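Written out below as structure tokens is the structure these notes cover.
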Amino acid sequence: MTDAIGLNALEQALRALSSRVSSLREARSAYPADPRSTLDAALAELDTARELLESSLRELRKAPKRSGERESGSQRELKLLRQVFRTFPVPVVVLDSSGVVRRISAETSRMLGSPAGYLIGRSFPLLVDVSRRAAFRSHLMAVQQGGQSTTFQTRLAHQGRAHTVQLAITRLTMPGEPQEMIAIVVLPLEAQVSGDPPGPVDRSDASLVMAAARRQELLARMTRLLLDEESLRQPVTVTRAARLLAAETADWVIADVVRDGVPRRAVVLGPSDKPVTELVRLVEGLKPLTAPAVAHVLTGGSGVVHEMLEDDSLLGEAPGGPPLLRVMGAASLLVVPIQGEAGALGALTLVRLRDREPFSLADLGLMEEIGAHLGLALRARRSFQTRSQAADALRASVVPRSLPDIPGVEAAAIYHAGSSQVGAEFYDVFPVRDGWGFALGGAAGKGEEAASVTAMVRNGLRVLSVWESDPVEAMRRLNHALVAQNSGMFVMAVAGFVRGRRIVLAGAGHHPAALLQADGGVRFTAGGGVPLGIAPEAEILNEEITLTSGQTLVFYSDGLVTSQNDQGEAYGETRLADVLARCAGQAPATVVKAVEEDRHAFSSGRVWDEVVILALRVV
């Protein structure tokens, strides 16, 4: 069929071709084990389709439309031929001289899963398998220059569909076009569909709403992950975010972060269905700024999306090798900044392969939002760590790392922080003239201010005890200092100096100590006194105890006896006495552990205020 044919004959030939193509499809489905005969017939039909297309084009050339003329019979034929092209039963694509799609038939749109409007203006070679892309461009150029038609077998991949196809490439001249163009007839030989069944991608309102809902769900999951306490405490924020993105929306995820002003590669995750490869290790070792797309985002501060990759050098090249995107088999790329207050804190790079739907502008908007959230999480973690370090320093100033060895005395203590990150309770054991001293107490308040007052009391007692041999006098002088500070806070405390078996106590509004007898009996000291910092001449309780063998003196914070169970009942001193009675003759370490375990069981593990228990026994 070398000459132009009339429209009636063309329509009849198209109907016959459509019928034969349908029969071949049915044969391929019915006899999958014998593809040879079906393939040979399909190739013959491909030649027929190409000849029909050439005849149609010759008919088109006969009907140029002149300006100002009414629609003639030729123009009506032109419209009919355009309709014939759109309904052609074989996939057909028309390219300009640079390989950009100019026309596309409905059958091609159905096969590739995208509407014609999406593919027009795209570079057709981007659909060709990367391993054969260079060869395809050469065939394309040969047809343009020599005019001889050719066939070319390859894979086309788009929207999660991968087709092994035979391409028939021919040069043509279209009416109204200043340059010659290329027509490609596509014969599918084998199709592989990932995920969704074959057919056009659903672009309905319901589909778009579902896609938006999935993006919103991903954003919500990312936010929950970034707000998790582990993400704030440990340097795992970027890694956990990258893992979520790799599991949900990309084949490759690369995260770069800026440390000390230098971008550094933090995470590289390859396809989840493949083991860690040398390529992953290679990407991990590359500097982020060698990737033009990453460098652009880090310096420009805005994200970029490449729905169909035309430049495979956007992520740089392997040392002495091809571009990374080509080795990855990438089809779509998205890079967004990890936003900071004064510039990018890093960049997220996402890559999808050819068997997945490409990234869109909606994906870019979602990832830019995730990049902003990730930046907030990184800044929050740094602030949290700074505050944690400050809290650790404050806590170290109110709680000793370990108790010293006291000659003739066994000592043990337990401290549990309350709901506040920085505690207001303290305990201490320290040397004094001719003996040892100890102290326990806490400011009436929470947070850093209360902790700082508590630290001042603890360290003040240590300093004053160098000159004062009586803890009562040391507490009085400390009280004057607190009143002069006018902090508005008062401190309940108890201090004691140990010399041999004799203990001199000074109380300032603190709970009385419990004295555990060798036979299991329990009695409480007098306690009392006025808290420090209320009045210049506050009353300080003075009490003296001589411990005998087997006796244990137990001090405790308000947080112990005020702990509550599920019914709102307080732990109280009666329950404390019952527990201590069962610990007669036990070492101080055993005693404090038993009390804490009982409190833990009583309150179901909840701790509101700091729990401090200090036990002393003379040996």
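We label chains A, B, ... in the order they appear in the structure tokens, count residues from 1 in each chain, and number ligands from 1 in the order shown.
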
Could you pull out the residues in region 314-524 of chain A that DSSP calls strand (DSSP E) from the backbone, as a PyMOL selection string? chain A and resi 330-340+343-353+409-416+425-432+435-443+491-499+502-508+514-516+522-524

Taking the backbone alone, and naming residues the way the document does, which bits of region 345-380 of chain A are helix (DSSP H, G or I) by DSSP, as a list in words?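 DSSP on the backbone gives helix (DSSP H, G or I) at Leu361, Ala362, Asp363, Leu364, Gly365, Leu366, Met367, Glu368, Glu369, Ile370, Gly371, Ala372, His373, Leu374, Gly375, Leu376, Ala377, Leu378, Arg379 and Ala380 of chain A.
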
Fewer than 4 positions away in the same chain doesn't count, so skip those; otherwise give me all residues within 8 Å of region 143-154 of chain A, counting only C-alpha atoms, as a PyMOL selection string. chain A and resi 97+128-129+132+136+139+164-171+180-182

Restrict the selected residues to N, CA and C atoms and save them as a CSV table (one decimal), in the first residue's frame.
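Saved to selection.csv:
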```csv
chain,number,residue,atom,x,y,z
A,97,SER,N,11.7,17.1,15.5
A,97,SER,CA,13.0,16.7,15.2
A,97,SER,C,13.9,16.5,16.5
A,128,VAL,N,12.1,5.5,27.1
A,128,VAL,CA,12.9,4.3,26.6
A,128,VAL,C,13.8,3.8,27.7
A,129,ASP,N,14.0,2.5,27.8
A,129,ASP,CA,14.9,2.0,28.8
A,129,ASP,C,16.2,2.6,28.7
A,132,ARG,N,19.0,1.4,26.6
A,132,ARG,CA,18.9,1.4,25.1
A,132,ARG,C,18.6,2.9,24.7
A,136,PHE,N,18.6,4.3,20.8
A,136,PHE,CA,17.3,4.8,20.3
A,136,PHE,C,17.6,6.2,19.6
A,139,HIS,N,19.1,5.8,16.3
A,139,HIS,CA,18.2,5.3,15.3
A,139,HIS,C,17.3,6.5,14.9
A,164,THR,N,7.6,-4.2,26.9
A,164,THR,CA,8.6,-4.6,25.9
A,164,THR,C,7.9,-4.4,24.6
A,165,VAL,N,8.5,-3.5,23.7
A,165,VAL,CA,7.8,-3.1,22.5
A,165,VAL,C,8.7,-3.2,21.3
A,166,GLN,N,8.1,-3.2,20.1
A,166,GLN,CA,8.8,-3.1,18.9
A,166,GLN,C,8.3,-1.7,18.3
A,167,LEU,N,9.3,-0.8,18.0
A,167,LEU,CA,9.0,0.5,17.5
A,167,LEU,C,9.3,0.5,16.0
A,168,ALA,N,8.3,1.0,15.3
A,168,ALA,CA,8.5,1.3,13.8
A,168,ALA,C,8.7,2.8,13.7
A,169,ILE,N,9.8,3.2,13.2
A,169,ILE,CA,10.2,4.6,13.2
A,169,ILE,C,10.3,5.1,11.7
A,170,THR,N,9.5,6.1,11.4
A,170,THR,CA,9.6,6.6,10.0
A,170,THR,C,9.5,8.1,9.9
A,171,ARG,N,10.1,8.7,8.9
A,171,ARG,CA,10.1,10.2,8.7
A,171,ARG,C,8.9,10.6,8.0
A,180,GLU,N,10.4,18.5,9.1
A,180,GLU,CA,10.0,17.1,9.0
A,180,GLU,C,9.9,16.6,10.4
A,181,MET,N,9.0,15.6,10.6
A,181,MET,CA,8.7,15.0,11.9
A,181,MET,C,8.9,13.5,11.8
A,182,ILE,N,8.8,12.9,13.0
A,182,ILE,CA,9.0,11.4,13.1
A,182,ILE,C,7.7,10.8,13.6
```

Neighbouring residues of region 243-248 of chain A were defined as those with any atom within 12 Å, considering only C-alpha atoms; residues of the same chain fewer than 5 positions away were excluded. Please report them as a PyMOL selection string. chain A and resi 214-215+217-226+236-238+253-255+267-273+348-352+363+366-367+370-371

Let me see the file: selected residues, N, CA, C and O atoms, as a short mmCIF file (atom, residue, chain, number, x, y, z; two decimals), in the first residue's frame.
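The resulting file, result_21.cif, is shown below:
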```
data_model
loop_
_atom_site.label_atom_id
_atom_site.label_comp_id
_atom_site.auth_asym_id
_atom_site.auth_seq_id
_atom_site.Cartn_x
_atom_site.Cartn_y
_atom_site.Cartn_z
N ARG A 214 -3.86 10.26 51.06
CA ARG A 214 -2.63 9.49 51.34
C ARG A 214 -1.47 10.40 51.67
O ARG A 214 -0.65 10.10 52.56
N ARG A 215 -1.38 11.51 50.96
CA ARG A 215 -0.30 12.47 51.28
C ARG A 215 -0.49 13.05 52.67
O ARG A 215 0.48 13.22 53.43
N GLU A 217 -1.98 11.61 55.17
CA GLU A 217 -1.68 10.55 56.14
C GLU A 217 -0.17 10.41 56.33
O GLU A 217 0.31 10.25 57.45
N LEU A 218 0.58 10.50 55.23
CA LEU A 218 2.03 10.43 55.34
C LEU A 218 2.58 11.59 56.16
O LEU A 218 3.47 11.41 57.01
N LEU A 219 2.03 12.79 55.93
CA LEU A 219 2.47 13.95 56.70
C LEU A 219 2.16 13.76 58.18
O LEU A 219 2.98 14.09 59.05
N ALA A 220 0.98 13.22 58.49
CA ALA A 220 0.61 12.99 59.89
C ALA A 220 1.54 11.96 60.54
O ALA A 220 1.98 12.13 61.69
N ARG A 221 1.85 10.89 59.83
CA ARG A 221 2.74 9.88 60.37
C ARG A 221 4.13 10.45 60.60
O ARG A 221 4.78 10.14 61.61
N MET A 222 4.58 11.28 59.68
CA MET A 222 5.89 11.90 59.84
C MET A 222 5.90 12.82 61.06
O MET A 222 6.87 12.84 61.83
N THR A 223 4.84 13.58 61.25
CA THR A 223 4.78 14.49 62.40
C THR A 223 4.81 13.72 63.71
O THR A 223 5.52 14.10 64.65
N ARG A 224 4.04 12.62 63.79
CA ARG A 224 4.06 11.80 65.01
C ARG A 224 5.45 11.24 65.27
O ARG A 224 5.92 11.20 66.41
N LEU A 225 6.11 10.81 64.21
CA LEU A 225 7.46 10.26 64.36
C LEU A 225 8.44 11.32 64.87
O LEU A 225 9.26 11.06 65.75
N LEU A 226 8.35 12.53 64.32
CA LEU A 226 9.29 13.58 64.69
C LEU A 226 9.04 14.08 66.11
O LEU A 226 9.96 14.59 66.75
N VAL A 236 18.53 10.38 65.99
CA VAL A 236 17.97 9.45 65.01
C VAL A 236 16.87 10.10 64.18
O VAL A 236 16.20 9.42 63.42
N THR A 237 16.70 11.41 64.32
CA THR A 237 15.57 12.08 63.66
C THR A 237 15.61 11.90 62.15
O THR A 237 14.62 11.48 61.53
N VAL A 238 16.73 12.23 61.54
CA VAL A 238 16.84 12.16 60.08
C VAL A 238 16.73 10.71 59.60
O VAL A 238 16.07 10.42 58.60
N VAL A 253 16.19 7.08 48.97
CA VAL A 253 16.10 8.26 49.82
C VAL A 253 17.52 8.60 50.29
O VAL A 253 18.21 7.76 50.86
N ILE A 254 17.92 9.85 50.03
CA ILE A 254 19.24 10.33 50.46
C ILE A 254 19.01 11.56 51.32
O ILE A 254 18.30 12.49 50.92
N ALA A 255 19.59 11.56 52.51
CA ALA A 255 19.46 12.70 53.42
C ALA A 255 20.85 13.29 53.67
O ALA A 255 21.77 12.57 54.04
N VAL A 267 22.27 9.79 55.46
CA VAL A 267 21.53 8.54 55.27
C VAL A 267 21.42 8.26 53.78
O VAL A 267 21.15 9.17 52.99
N VAL A 268 21.61 7.02 53.40
CA VAL A 268 21.36 6.56 52.03
C VAL A 268 20.59 5.25 52.12
O VAL A 268 21.09 4.27 52.68
N LEU A 269 19.38 5.21 51.59
CA LEU A 269 18.55 4.00 51.58
C LEU A 269 18.20 3.66 50.15
O LEU A 269 17.63 4.47 49.42
N GLY A 270 18.56 2.45 49.73
CA GLY A 270 18.24 1.99 48.39
C GLY A 270 16.93 1.23 48.35
O GLY A 270 16.19 1.18 49.35
N PRO A 271 16.59 0.62 47.22
CA PRO A 271 15.33 -0.13 47.09
C PRO A 271 15.22 -1.19 48.18
O PRO A 271 16.17 -1.94 48.44
N SER A 272 14.05 -1.27 48.81
CA SER A 272 13.87 -2.17 49.95
C SER A 272 13.88 -3.64 49.56
O SER A 272 14.12 -4.50 50.41
N ASP A 273 13.61 -3.93 48.30
CA ASP A 273 13.57 -5.33 47.88
C ASP A 273 14.94 -5.84 47.44
O ASP A 273 15.05 -6.95 46.93
N LEU A 348 16.69 16.64 51.46
CA LEU A 348 16.14 15.30 51.24
C LEU A 348 16.04 15.06 49.75
O LEU A 348 15.46 15.88 49.02
N THR A 349 16.61 13.96 49.29
CA THR A 349 16.56 13.60 47.87
C THR A 349 15.81 12.30 47.73
O THR A 349 16.16 11.30 48.37
N LEU A 350 14.77 12.29 46.90
CA LEU A 350 13.94 11.11 46.67
C LEU A 350 14.01 10.73 45.19
O LEU A 350 13.92 11.61 44.32
N VAL A 351 14.15 9.45 44.93
CA VAL A 351 14.25 8.95 43.56
C VAL A 351 13.24 7.83 43.37
O VAL A 351 13.12 6.94 44.23
N ARG A 352 12.52 7.88 42.26
CA ARG A 352 11.65 6.77 41.87
C ARG A 352 12.16 6.14 40.59
O ARG A 352 12.62 6.86 39.68
N ASP A 363 3.44 16.13 45.09
CA ASP A 363 4.47 15.47 45.90
C ASP A 363 5.52 16.47 46.35
O ASP A 363 6.01 16.39 47.49
N LEU A 366 4.17 18.38 49.30
CA LEU A 366 4.17 17.55 50.51
C LEU A 366 5.58 17.43 51.08
O LEU A 366 5.78 17.59 52.29
N MET A 367 6.56 17.17 50.23
CA MET A 367 7.92 16.97 50.71
C MET A 367 8.53 18.27 51.24
O MET A 367 9.34 18.25 52.17
N ILE A 370 7.24 18.44 54.67
CA ILE A 370 7.97 17.49 55.52
C ILE A 370 9.37 18.01 55.81
O ILE A 370 9.88 17.88 56.93
N GLY A 371 10.01 18.64 54.81
CA GLY A 371 11.32 19.23 55.05
C GLY A 371 11.26 20.33 56.10
O GLY A 371 12.17 20.46 56.94
#
```

Determine, counting only C-alpha atoms, which protein, DNA and RNA residues have an atom within 12 Å of an atom of Gln339 (chain A); residues of the same chain fewer than 4 positions away are not included. Present the result as an MDAnalysis selection string. chainID A and resid 257:258 297:303 343:348 367:379

Atom pair CA of Leu334 (chain A) / CA of His306 (chain A): separation (Å):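 Value for the CA of Leu334 (chain A)-CA of His306 (chain A) distance: 6.3 Å.
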
Can you pull out the residues contacting region 563-574 of chain A? Cut-off 9 Å, using only C-alpha atoms, and skip same-chain residues under 5 positions away; I want them as number ranges by chain. A: 514, 558, 579, 599, 601-604, 606-609, 611

Nearest-residue call for Gly550 (chain A), choices A:Ile414, A:Val409, A:Leu324, A:Met475, using only C-alpha atoms: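 Looking only at the distances to Gly550 (chain A), the closest residue turns out to be A:Val409.
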
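Between CA of Ala162 (chain A) and CA of Leu112 (chain A) there is a distance of 8.5 Å.
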
Minimum-distance residue to Leu282 (chain A), chosen among A:Gly321, A:Pro115, A:Gly261, A:Gly365 (using only C-alpha atoms): A:Gly321

Just want the 8 Å neighbourhood of Ala474 (chain A), counted on only C-alpha atoms, with same-chain residues fewer than 6 positions away dropped. Output as an mmCIF file with all heavy atoms, in the first residue's frame.
```cif
data_model
loop_
_atom_site.group_PDB
_atom_site.id
_atom_site.type_symbol
_atom_site.label_atom_id
_atom_site.label_comp_id
_atom_site.auth_asym_id
_atom_site.auth_seq_id
_atom_site.Cartn_x
_atom_site.Cartn_y
_atom_site.Cartn_z
ATOM 1 N N LEU A 461 25.737 24.494 102.702
ATOM 2 C CA LEU A 461 25.978 23.646 103.863
ATOM 3 C C LEU A 461 27.380 23.051 103.838
ATOM 4 O O LEU A 461 28.050 22.947 104.874
ATOM 5 C CB LEU A 461 24.935 22.528 103.918
ATOM 6 C CG LEU A 461 23.555 22.920 104.460
ATOM 7 C CD1 LEU A 461 22.563 21.779 104.285
ATOM 8 C CD2 LEU A 461 23.652 23.321 105.930
ATOM 9 N N LEU A 464 29.747 26.050 104.839
ATOM 10 C CA LEU A 464 29.618 26.465 106.235
ATOM 11 C C LEU A 464 30.100 25.387 107.193
ATOM 12 O O LEU A 464 30.578 25.702 108.302
ATOM 13 C CB LEU A 464 28.158 26.820 106.532
ATOM 14 C CG LEU A 464 27.639 28.095 105.845
ATOM 15 C CD1 LEU A 464 26.129 28.229 106.039
ATOM 16 C CD2 LEU A 464 28.351 29.319 106.400
ATOM 17 N N SER A 465 29.977 24.137 106.780
ATOM 18 C CA SER A 465 30.391 23.058 107.664
ATOM 19 C C SER A 465 31.900 23.010 107.862
ATOM 20 O O SER A 465 32.388 22.315 108.757
ATOM 21 C CB SER A 465 29.899 21.710 107.113
ATOM 22 O OG SER A 465 28.493 21.680 107.063
ATOM 23 N N GLU A 468 31.719 25.629 110.883
ATOM 24 C CA GLU A 468 30.783 25.372 111.971
ATOM 25 C C GLU A 468 30.844 23.907 112.391
ATOM 26 O O GLU A 468 30.798 23.001 111.558
ATOM 27 C CB GLU A 468 29.347 25.710 111.528
ATOM 28 C CG GLU A 468 29.132 27.154 111.152
ATOM 29 C CD GLU A 468 29.301 28.089 112.334
ATOM 30 O OE1 GLU A 468 29.194 27.616 113.492
ATOM 31 O OE2 GLU A 468 29.518 29.286 112.109
#
```

Given the choices A:Ala318, A:Val494, A:Ala508, A:Ala250, which gets closest to Gly285 (chain A) if the distance is worked out from only C-alpha atoms? A:Ala318
